[in-house]
Amino acid sequence: MTTAASAPITDYLRLGLAFDRLEEGFVDAYTGDPALRAEVAAAPAPDPAVLADRARGLSSELPAELGPARVEFLRAHLAALECSARKFAGEEIAFVDEVRAYFDVDIDLGDQQAYRDAHAAMAAELGVPGASGVALAEAYAAYKRSDEIPPDRVDECVRAFAGALRERVRSTHPLPDSEIVEFEVVTDKPWSGFNYYLGDYRSRVAINLDLTQYMSTLPHLIAHEAYPGHHTEHCRKEEILVGGGQQEQTLFVVNTPQCLMAEGLADHALHAAIGPDWGQWAQEIYADLGLRFDGARAVRMARASAGLVGVRQDAALLLHDRRADQDTVAEFLQQWLLAPPERACQMLRFLTSPLWRAYISTYVEGYRLLGEWLDAAPETQRLERFGRLLDEPLTPALLRAELQDPRPGQ
């Protein structure tokens with residue numbers, strides 16, 4: 001029986017599913033009633049302007065009996081969907097305003113002094129203190145070459161880290177016995193890895209072999225996509241929230257606050273599972289596979305380069321807000337990320353995708369906001385606080401509110 005509270009939830013799901021008719025892939029995951037998806041798929045192609053009107057109308061119709069947390073979650077996501085609909089309708093929206101509507105964050109160009117400081121720290125770690133420009137790029141390229149995983153060993157390494165992380169995560173954040181992640185290697189994608197959540201505690205994780213996989217970053221990638229990142233979050237929310245009647249959580253669409261929360265969570269996943277000194281743990285796993293890896297150095301390099309986190313968002317701003325041409329943006333990426341031309345081109349492919357062009361902010365601002373929120377708790381409570389990200393329908397606004405006015409136990 002439809003109730004006053006369930007009707008707007010069904011309308012929200014119907015609205016979100018309709019966006020996949022405008023752009024395939026807009027619906028990242030849907031685990032709800034398949035009949036509803038079939039109904040939307042069989043309907044006439046939606047008019048984006050009508051979808052925008054419906055998003056505004058739904059936002060004003062949400063019943064108070066849903067509770068303040070669910071109402072806040074739904075309103076934030078309806079605001080994001082309205083903006084997407086307006087974009088699909090051809091409306092010109094400033095890039096900064098677009099990002100704000102999608103992810104509830106404000107963005108601006110970063111401080112290039114922070115990037116220079118990161119380069120100085122990296123140069124010192126690489127044994128070329130004071131090096132910059134071509135000299136630093138060459139030293140960094142040599143380090144990266146020494147860190148490469150042979151292509152024929154990638155699958156083996158992926159499965160080793162997935163197994164080790166799965167065992168660690170299930171001991172702290174229990175998952176259903178039936179949960180499983182299937183890994184596959186793919187090519188010709190604009191990303192390095194992608195989680196396809198299939199429902200019923202199952203995921204398919206694709207690893208892009210067009211991009212070289214590195215020993216220092218593969219543990220982060222597996223933690224990000226699987227344990228305790230995207231797959232773990234989907235499983236916990238399906239069991240706890242959807243199982244508790246929050247059917248809006250059966251839908252995950254791109255360019256919404258959900259994405260910023262999910263990517264921020266996933267980028268902190270390895271630290272949450274293993275701790276800040278993850279290098280030694282990874283070194284032992286690689287040793288079992290017959291691969292030499294200096295875990296302590298990898299941790300130091302990660303810390304040295306942490307100040308570069310905002311470079312890709314700056315590239316998006318230069319491209320879409322400041323109207324720089326692609327060659328200029330490619331040079332910017334090569335300069336500050338010390339990226340070879342082919343890697344800069346791969347990043348540009350992501351930044352120029354109509355669907356993904358704003359998405360880089362989920363990694364940058366999600367990492368910053370969730371990191372600040374996690375750091376606000378004592379180290380002994382960090383894992384428990386990370387569990388809230390897995391289990392609760394939190395939003396950027398709620399995290400900011402808690403940072404301003406923390407309550408006991410948060």
# chains A, B, ... in the order shown; residues from 1 in each chain; ligands from 1
>>> select_by_dssp(residues="stretch 9-163 of chain A", states="alpha helix (DSSP H)", output="JSON, numbers by chain")
{"A": [9, 10, 11, 12, 13, 14, 15, 16, 17, 18, 19, 20, 21, 22, 34, 35, 36, 37, 38, 39, 40, 41, 42, 48, 49, 50, 51, 52, 53, 54, 55, 56, 57, 58, 59, 60, 61, 68, 69, 70, 71, 72, 73, 74, 75, 76, 77, 78, 79, 80, 81, 82, 83, 84, 85, 86, 87, 88, 95, 96, 97, 98, 99, 100, 101, 102, 103, 112, 113, 114, 115, 116, 117, 118, 119, 120, 121, 122, 123, 124, 125, 133, 134, 135, 136, 137, 138, 139, 140, 141, 142, 143, 144, 145, 146, 154, 155, 156, 157, 158, 159, 160, 161, 162, 163]}
>>> residues_around(residues="A:Ala43", least_positions_apart="6", cutoff="12 Å", atoms="only C-alpha atoms", output="list in words")
Arg14, Leu17, Ala18, Arg21, Leu36 and Arg37 of chain A
>>> select_by_dssp(residues="stretch 5-85 of chain A", states="strand (DSSP E)", output="ChimeraX atom specification")
/A:27-30
>>> write_last_selection(atoms="C-alpha atoms", output="short mmCIF file (atom, residue, chain, number, x, y, z; two decimals), in the first residue's frame")
data_model
loop_
_atom_site.label_atom_id
_atom_site.label_comp_id
_atom_site.auth_asym_id
_atom_site.auth_seq_id
_atom_site.Cartn_x
_atom_site.Cartn_y
_atom_site.Cartn_z
CA VAL A 27 22.38 5.89 -12.95
CA ASP A 28 25.45 4.35 -11.38
CA ALA A 29 23.49 1.72 -9.44
CA TYR A 30 19.87 0.81 -8.81
#
>>> closest_residue(among="A:Gly163, A:Pro190, A:Gly32, A:Gly275", to="A:Arg382", atoms="only C-alpha atoms")
A:Gly275
>>> residues_around(residues="stretch 288-292 of chain A", least_positions_apart="6", cutoff="12 Å", atoms="only C-alpha atoms", output="short mmCIF file (atom, residue, chain, number, x, y, z; two decimals) with all heavy atoms, in the first residue's frame")
data_model
loop_
_atom_site.label_atom_id
_atom_site.label_comp_id
_atom_site.auth_asym_id
_atom_site.auth_seq_id
_atom_site.Cartn_x
_atom_site.Cartn_y
_atom_site.Cartn_z
N SER A 146 60.30 2.28 -11.57
CA SER A 146 60.72 1.24 -10.62
C SER A 146 59.54 0.69 -9.83
O SER A 146 59.65 -0.37 -9.21
CB SER A 146 61.76 1.80 -9.65
OG SER A 146 61.17 2.73 -8.74
N ASP A 147 58.41 1.41 -9.88
CA ASP A 147 57.23 1.05 -9.09
C ASP A 147 56.19 0.31 -9.93
O ASP A 147 55.16 -0.12 -9.41
CB ASP A 147 56.63 2.35 -8.53
CG ASP A 147 55.61 2.12 -7.42
OD1 ASP A 147 55.83 1.24 -6.58
OD2 ASP A 147 54.59 2.83 -7.42
N GLU A 148 56.45 0.13 -11.21
CA GLU A 148 55.46 -0.48 -12.09
C GLU A 148 55.22 -1.95 -11.76
O GLU A 148 56.15 -2.67 -11.41
CB GLU A 148 55.91 -0.36 -13.55
CG GLU A 148 55.88 1.05 -14.10
CD GLU A 148 56.35 1.12 -15.54
OE1 GLU A 148 56.59 0.05 -16.14
OE2 GLU A 148 56.48 2.24 -16.07
N ILE A 149 53.96 -2.36 -11.90
CA ILE A 149 53.62 -3.77 -11.80
C ILE A 149 53.62 -4.34 -13.21
O ILE A 149 52.95 -3.80 -14.09
CB ILE A 149 52.23 -3.96 -11.16
CG1 ILE A 149 52.18 -3.34 -9.77
CG2 ILE A 149 51.87 -5.44 -11.09
CD1 ILE A 149 50.80 -3.37 -9.14
N PRO A 150 54.36 -5.43 -13.47
CA PRO A 150 54.31 -6.03 -14.81
C PRO A 150 52.87 -6.35 -15.18
O PRO A 150 52.11 -6.87 -14.35
CB PRO A 150 55.16 -7.30 -14.65
CG PRO A 150 56.06 -7.02 -13.48
CD PRO A 150 55.27 -6.15 -12.55
N ARG A 153 51.23 -9.47 -14.11
CA ARG A 153 51.12 -9.74 -12.68
C ARG A 153 50.00 -8.94 -12.01
O ARG A 153 49.74 -9.11 -10.82
CB ARG A 153 52.45 -9.39 -11.95
CG ARG A 153 53.68 -10.10 -12.46
CD ARG A 153 53.63 -11.61 -12.25
NE ARG A 153 53.42 -12.00 -10.87
CZ ARG A 153 54.42 -12.11 -9.97
NH1 ARG A 153 55.67 -11.81 -10.31
NH2 ARG A 153 54.16 -12.50 -8.73
N VAL A 154 49.35 -8.05 -12.78
CA VAL A 154 48.34 -7.16 -12.19
C VAL A 154 47.20 -7.97 -11.58
O VAL A 154 46.79 -7.73 -10.44
CB VAL A 154 47.81 -6.16 -13.23
CG1 VAL A 154 46.58 -5.43 -12.69
CG2 VAL A 154 48.89 -5.16 -13.61
N ASP A 155 46.66 -8.92 -12.32
CA ASP A 155 45.52 -9.69 -11.84
C ASP A 155 45.85 -10.41 -10.54
O ASP A 155 45.06 -10.40 -9.59
CB ASP A 155 45.07 -10.69 -12.90
CG ASP A 155 43.81 -11.43 -12.50
OD1 ASP A 155 42.74 -10.79 -12.45
OD2 ASP A 155 43.88 -12.64 -12.23
N GLU A 156 47.03 -11.00 -10.46
CA GLU A 156 47.47 -11.71 -9.27
C GLU A 156 47.57 -10.76 -8.07
O GLU A 156 47.15 -11.08 -6.95
CB GLU A 156 48.83 -12.36 -9.56
CG GLU A 156 49.44 -13.14 -8.41
CD GLU A 156 50.83 -13.65 -8.76
OE1 GLU A 156 51.37 -13.25 -9.81
OE2 GLU A 156 51.35 -14.45 -7.97
N CYS A 157 48.12 -9.57 -8.31
CA CYS A 157 48.26 -8.58 -7.23
C CYS A 157 46.90 -8.08 -6.77
O CYS A 157 46.66 -7.90 -5.56
CB CYS A 157 49.13 -7.42 -7.69
SG CYS A 157 50.86 -7.84 -7.98
N VAL A 158 46.01 -7.83 -7.72
CA VAL A 158 44.66 -7.38 -7.39
C VAL A 158 43.99 -8.37 -6.45
O VAL A 158 43.42 -8.00 -5.40
CB VAL A 158 43.82 -7.19 -8.67
CG1 VAL A 158 42.33 -7.09 -8.33
CG2 VAL A 158 44.27 -5.94 -9.41
N ARG A 159 44.08 -9.64 -6.77
CA ARG A 159 43.40 -10.65 -5.96
C ARG A 159 44.05 -10.83 -4.59
O ARG A 159 43.36 -11.07 -3.60
CB ARG A 159 43.34 -11.97 -6.74
CG ARG A 159 42.53 -11.82 -8.01
CD ARG A 159 42.36 -13.09 -8.81
NE ARG A 159 41.77 -12.76 -10.10
CZ ARG A 159 40.49 -12.44 -10.28
NH1 ARG A 159 39.67 -12.43 -9.25
NH2 ARG A 159 40.02 -12.15 -11.48
N ALA A 160 45.36 -10.67 -4.53
CA ALA A 160 46.04 -10.77 -3.24
C ALA A 160 45.61 -9.65 -2.30
O ALA A 160 45.31 -9.90 -1.12
CB ALA A 160 47.56 -10.75 -3.44
N PHE A 161 45.58 -8.42 -2.80
CA PHE A 161 45.19 -7.30 -1.95
C PHE A 161 43.71 -7.34 -1.63
O PHE A 161 43.30 -6.99 -0.51
CB PHE A 161 45.59 -5.97 -2.59
CG PHE A 161 47.03 -5.63 -2.37
CD1 PHE A 161 47.96 -5.83 -3.39
CD2 PHE A 161 47.48 -5.16 -1.16
CE1 PHE A 161 49.30 -5.55 -3.19
CE2 PHE A 161 48.81 -4.87 -0.94
CZ PHE A 161 49.73 -5.07 -1.96
N TYR A 214 50.66 0.67 -10.50
CA TYR A 214 51.86 0.82 -9.69
C TYR A 214 51.70 0.13 -8.34
O TYR A 214 50.60 0.10 -7.77
CB TYR A 214 52.17 2.31 -9.48
CG TYR A 214 52.47 3.04 -10.75
CD1 TYR A 214 51.48 3.79 -11.39
CD2 TYR A 214 53.73 2.98 -11.34
CE1 TYR A 214 51.75 4.47 -12.58
CE2 TYR A 214 54.00 3.65 -12.53
CZ TYR A 214 53.00 4.39 -13.14
OH TYR A 214 53.26 5.05 -14.31
N MET A 215 52.81 -0.38 -7.83
CA MET A 215 52.76 -1.07 -6.54
C MET A 215 52.32 -0.14 -5.42
O MET A 215 51.61 -0.55 -4.51
CB MET A 215 54.12 -1.69 -6.23
CG MET A 215 54.44 -2.91 -7.07
SD MET A 215 55.94 -3.80 -6.56
CE MET A 215 57.19 -2.74 -7.27
N SER A 216 52.71 1.13 -5.50
CA SER A 216 52.39 2.07 -4.42
C SER A 216 50.93 2.49 -4.43
O SER A 216 50.40 2.90 -3.40
CB SER A 216 53.28 3.30 -4.51
OG SER A 216 53.12 3.95 -5.76
N GLN A 280 54.32 -0.99 5.13
CA GLN A 280 54.92 -2.25 5.57
C GLN A 280 53.98 -3.42 5.32
O GLN A 280 54.40 -4.50 4.90
CB GLN A 280 55.27 -2.17 7.07
CG GLN A 280 55.96 -3.41 7.61
CD GLN A 280 57.28 -3.71 6.92
OE1 GLN A 280 58.05 -2.80 6.63
NE2 GLN A 280 57.53 -4.99 6.65
N TRP A 281 52.69 -3.20 5.57
CA TRP A 281 51.69 -4.23 5.31
C TRP A 281 51.69 -4.62 3.83
O TRP A 281 51.70 -5.79 3.47
CB TRP A 281 50.32 -3.69 5.73
CG TRP A 281 49.13 -4.49 5.30
CD1 TRP A 281 48.61 -5.60 5.90
CD2 TRP A 281 48.31 -4.23 4.15
NE1 TRP A 281 47.50 -6.04 5.19
CE2 TRP A 281 47.31 -5.23 4.13
CE3 TRP A 281 48.32 -3.26 3.15
CZ2 TRP A 281 46.32 -5.26 3.13
CZ3 TRP A 281 47.36 -3.30 2.16
CH2 TRP A 281 46.37 -4.30 2.17
N ALA A 282 51.71 -3.61 2.95
CA ALA A 282 51.73 -3.88 1.52
C ALA A 282 53.03 -4.56 1.10
O ALA A 282 53.03 -5.45 0.24
CB ALA A 282 51.53 -2.58 0.74
#
>>> atom_distance(atom1="atom CA of A:Ala304", atom2="atom CA of A:Leu126")
10.2 Å
>>> closest_residue(among="A:Pro340, A:Gly90, A:Gly279, A:Pro44", to="A:Lys144", atoms="only C-alpha atoms")
A:Pro340
>>> atom_distance(atom1="atom CA of A:Gly264", atom2="atom CA of A:Thr362")
6.9 Å
>>> closest_residue(among="A:His271, A:Ser60, A:Arg116, A:Tyr363", to="A:Gln335", atoms="only C-alpha atoms")
A:Arg116
>>> closest_residue(among="A:Arg323, A:Pro219, A:Ala7, A:Thr328", to="A:Gly295", atoms="only C-alpha atoms")
A:Pro219
>>> closest_residue(among="A:Asp375, A:Asp277, A:Asp294, A:Glu233", to="A:Arg388", atoms="only C-alpha atoms")
A:Glu233
>>> residues_around(residues="A:Arg368", least_positions_apart="6", cutoff="10 Å", atoms="only C-alpha atoms", output="short mmCIF file (atom, residue, chain, number, x, y, z; two decimals) with C-alpha atoms, in the first residue's frame")
data_model
loop_
_atom_site.label_atom_id
_atom_site.label_comp_id
_atom_site.auth_asym_id
_atom_site.auth_seq_id
_atom_site.Cartn_x
_atom_site.Cartn_y
_atom_site.Cartn_z
CA GLY A 264 35.85 10.90 -0.10
CA ASP A 267 39.95 7.78 -0.80
CA HIS A 268 40.35 7.39 2.97
CA VAL A 309 45.59 16.95 -4.45
CA GLY A 310 43.98 20.08 -5.88
CA THR A 362 34.24 14.66 -5.61
CA LEU A 374 37.70 12.04 10.36
#
>>> atom_distance(atom1="atom CA of A:Glu392", atom2="atom CA of A:Trp373")
14.5 Å
>>> closest_residue(among="A:Phe386, A:Phe73, A:Tyr143, A:Tyr102", to="A:Ala273", atoms="only C-alpha atoms")
A:Phe386
>>> residues_around(residues="A:Lys237", least_positions_apart="3", cutoff="10 Å", atoms="only C-alpha atoms", output="list in words")
Tyr201, Thr232, Glu233, His234, Ile240, Leu241, Val242, Gly243, Gly244, Gln246, Gln249, Thr250, Leu389, Leu390, Asp391, Glu392 and Pro393 of chain A
>>> write_last_selection(atoms="N, CA, C and O atoms", output="PDB file, in the first residue's frame")
ATOM      1  N   TYR A 201      24.537  -7.544  -2.524  1.00  0.00           N
ATOM      2  CA  TYR A 201      25.881  -7.617  -1.942  1.00  0.00           C
ATOM      3  C   TYR A 201      26.919  -8.108  -2.942  1.00  0.00           C
ATOM      4  O   TYR A 201      27.895  -8.772  -2.571  1.00  0.00           O
ATOM      5  N   THR A 232      32.001  -2.065  -0.029  1.00  0.00           N
ATOM      6  CA  THR A 232      31.623  -2.196   1.382  1.00  0.00           C
ATOM      7  C   THR A 232      30.522  -1.215   1.743  1.00  0.00           C
ATOM      8  O   THR A 232      29.552  -1.561   2.434  1.00  0.00           O
ATOM      9  N   GLU A 233      30.637   0.033   1.262  1.00  0.00           N
ATOM     10  CA  GLU A 233      29.593   1.032   1.551  1.00  0.00           C
ATOM     11  C   GLU A 233      28.257   0.596   0.968  1.00  0.00           C
ATOM     12  O   GLU A 233      27.218   0.675   1.641  1.00  0.00           O
ATOM     13  N   HIS A 234      28.245   0.159  -0.280  1.00  0.00           N
ATOM     14  CA  HIS A 234      26.993  -0.291  -0.893  1.00  0.00           C
ATOM     15  C   HIS A 234      26.374  -1.438  -0.092  1.00  0.00           C
ATOM     16  O   HIS A 234      25.152  -1.465   0.142  1.00  0.00           O
ATOM     17  N   ILE A 240      21.591  -2.137   5.972  1.00  0.00           N
ATOM     18  CA  ILE A 240      21.131  -1.348   7.116  1.00  0.00           C
ATOM     19  C   ILE A 240      20.042  -0.353   6.723  1.00  0.00           C
ATOM     20  O   ILE A 240      18.978  -0.291   7.363  1.00  0.00           O
ATOM     21  N   LEU A 241      20.287   0.450   5.682  1.00  0.00           N
ATOM     22  CA  LEU A 241      19.349   1.510   5.328  1.00  0.00           C
ATOM     23  C   LEU A 241      18.200   0.993   4.472  1.00  0.00           C
ATOM     24  O   LEU A 241      17.029   1.218   4.794  1.00  0.00           O
ATOM     25  N   VAL A 242      18.522   0.313   3.379  1.00  0.00           N
ATOM     26  CA  VAL A 242      17.450  -0.230   2.537  1.00  0.00           C
ATOM     27  C   VAL A 242      16.667  -1.275   3.318  1.00  0.00           C
ATOM     28  O   VAL A 242      15.427  -1.302   3.271  1.00  0.00           O
ATOM     29  N   GLY A 243      17.381  -2.109   4.067  1.00  0.00           N
ATOM     30  CA  GLY A 243      16.700  -3.097   4.900  1.00  0.00           C
ATOM     31  C   GLY A 243      15.806  -2.465   5.938  1.00  0.00           C
ATOM     32  O   GLY A 243      14.820  -3.070   6.376  1.00  0.00           O
ATOM     33  N   GLY A 244      16.128  -1.224   6.326  1.00  0.00           N
ATOM     34  CA  GLY A 244      15.321  -0.494   7.294  1.00  0.00           C
ATOM     35  C   GLY A 244      14.233   0.354   6.671  1.00  0.00           C
ATOM     36  O   GLY A 244      13.584   1.144   7.368  1.00  0.00           O
ATOM     37  N   GLN A 246      14.576   2.577   3.926  1.00  0.00           N
ATOM     38  CA  GLN A 246      14.962   3.798   3.221  1.00  0.00           C
ATOM     39  C   GLN A 246      15.214   3.477   1.745  1.00  0.00           C
ATOM     40  O   GLN A 246      16.348   3.354   1.290  1.00  0.00           O
ATOM     41  N   GLN A 249      17.766   4.859  -0.882  1.00  0.00           N
ATOM     42  CA  GLN A 249      19.148   4.407  -0.930  1.00  0.00           C
ATOM     43  C   GLN A 249      19.364   3.283  -1.944  1.00  0.00           C
ATOM     44  O   GLN A 249      20.496   2.818  -2.121  1.00  0.00           O
ATOM     45  N   THR A 250      18.306   2.851  -2.633  1.00  0.00           N
ATOM     46  CA  THR A 250      18.481   1.876  -3.711  1.00  0.00           C
ATOM     47  C   THR A 250      18.992   2.530  -4.991  1.00  0.00           C
ATOM     48  O   THR A 250      19.380   1.831  -5.932  1.00  0.00           O
ATOM     49  N   LEU A 389      30.332   6.685   8.077  1.00  0.00           N
ATOM     50  CA  LEU A 389      30.275   6.970   6.650  1.00  0.00           C
ATOM     51  C   LEU A 389      29.733   5.777   5.882  1.00  0.00           C
ATOM     52  O   LEU A 389      29.011   5.942   4.891  1.00  0.00           O
ATOM     53  N   LEU A 390      30.062   4.577   6.315  1.00  0.00           N
ATOM     54  CA  LEU A 390      29.576   3.369   5.652  1.00  0.00           C
ATOM     55  C   LEU A 390      28.086   3.146   5.893  1.00  0.00           C
ATOM     56  O   LEU A 390      27.379   2.662   5.008  1.00  0.00           O
ATOM     57  N   ASP A 391      27.616   3.502   7.077  1.00  0.00           N
ATOM     58  CA  ASP A 391      26.302   3.038   7.528  1.00  0.00           C
ATOM     59  C   ASP A 391      25.210   4.085   7.514  1.00  0.00           C
ATOM     60  O   ASP A 391      24.028   3.740   7.594  1.00  0.00           O
ATOM     61  N   GLU A 392      25.553   5.378   7.444  1.00  0.00           N
ATOM     62  CA  GLU A 392      24.550   6.428   7.591  1.00  0.00           C
ATOM     63  C   GLU A 392      24.435   7.249   6.301  1.00  0.00           C
ATOM     64  O   GLU A 392      25.413   7.402   5.567  1.00  0.00           O
ATOM     65  N   PRO A 393      23.255   7.826   6.036  1.00  0.00           N
ATOM     66  CA  PRO A 393      23.073   8.661   4.840  1.00  0.00           C
ATOM     67  C   PRO A 393      23.557  10.088   5.087  1.00  0.00           C
ATOM     68  O   PRO A 393      22.785  11.047   5.056  1.00  0.00           O
TER      69      PRO A 393
END
